[in-house]
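A short write-up of the structure that comes next.
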Amino acid sequence: MSHLIRSIVFVFALCGALSPVQAQEVPAEKQALIDRMMALMNIDDTMDQVVQVMSQQVVETVKRTSPGIKQEALDIIVEVVEEEGRVLVAQSMGDVAPIMAKVYTTDELEQLVEFYETPLGQKALKTMPQVMQEAQSRMQPRLQGFQQRVAAKLQQRLEAAGHQ
């Protein structure tokens, strides 16, 4: 079972950790624009989808590494991953406004909101998950080759330098 836990932790590491940002005061005008933009982006639904995808990735990894695992155990894993994933997302979303306030001027935030209100902006928001998913699926085989090449080169170079 510890192998199972390590597999789950490994998948989380692959999913990418969200870095903490020091709490910063966001000017009210910028905060209002950021809140409006987040609403236009349906950020709550998007983050729920992220949690579900993360949960699916964990389940697929667990199934590969523990082929005999029972459905009851998988259901518990999904429940825990999604519950904790929602907590992580909620905590991490508090980091978004200070980052956006730092990266974008008030004028730029206004322009982004205006764009996302247009039909093209709404289409971009609706189709971006599909674009990212297709790009990720195309990149997956390249990542496997990349990992193999890096591992082989590292082993060769480290051995040549006298490291085991």
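Chain lettering (A, B, ...) mirrors the order of the structure tokens, residue numbering begins at 1 for each chain separately, and ligand numbering begins at 1 in order of display.
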request  = Would you please extract all alpha helix (DSSP H) residues from segment 8-131 of chain A, as assigned by DSSP on the backbone, and give them as number ranges by chain?
outcome  = A: 8-15, 28-40, 43-65, 71-93, 96-103, 106-117, 119-131
Per-residue nearest contacts of segment 122-162 of chain A to segment 25-42 of chain A (10 Å; only C-alpha atoms) as a Markdown table:
| residue | atom | partner | partner_atom | distance |
| --- | --- | --- | --- | --- |
| A:Gln122 | CA | A:Leu40 | CA | 8.0 |
| A:Ala124 | CA | A:Met41 | CA | 9.7 |
| A:Leu125 | CA | A:Met41 | CA | 6.3 |
| A:Lys126 | CA | A:Met41 | CA | 8.5 |
request  = Would you kindly return, as a ChimeraX atom specification, each protein, DNA or RNA residue with an atom no farther than 7 Å from any atom of segment 51-57 of chain A, considering only C-alpha atoms and excluding same-chain residues fewer than 2 positions away?
outcome  = /A:47-49,59-61,78,81-82,85-86
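Using only C-alpha atoms, the shortest contact distance between Ala90 of chain A and any of A:Ser137, A:Asp44, A:Val113, A:Arg157 is found at A:Asp44.
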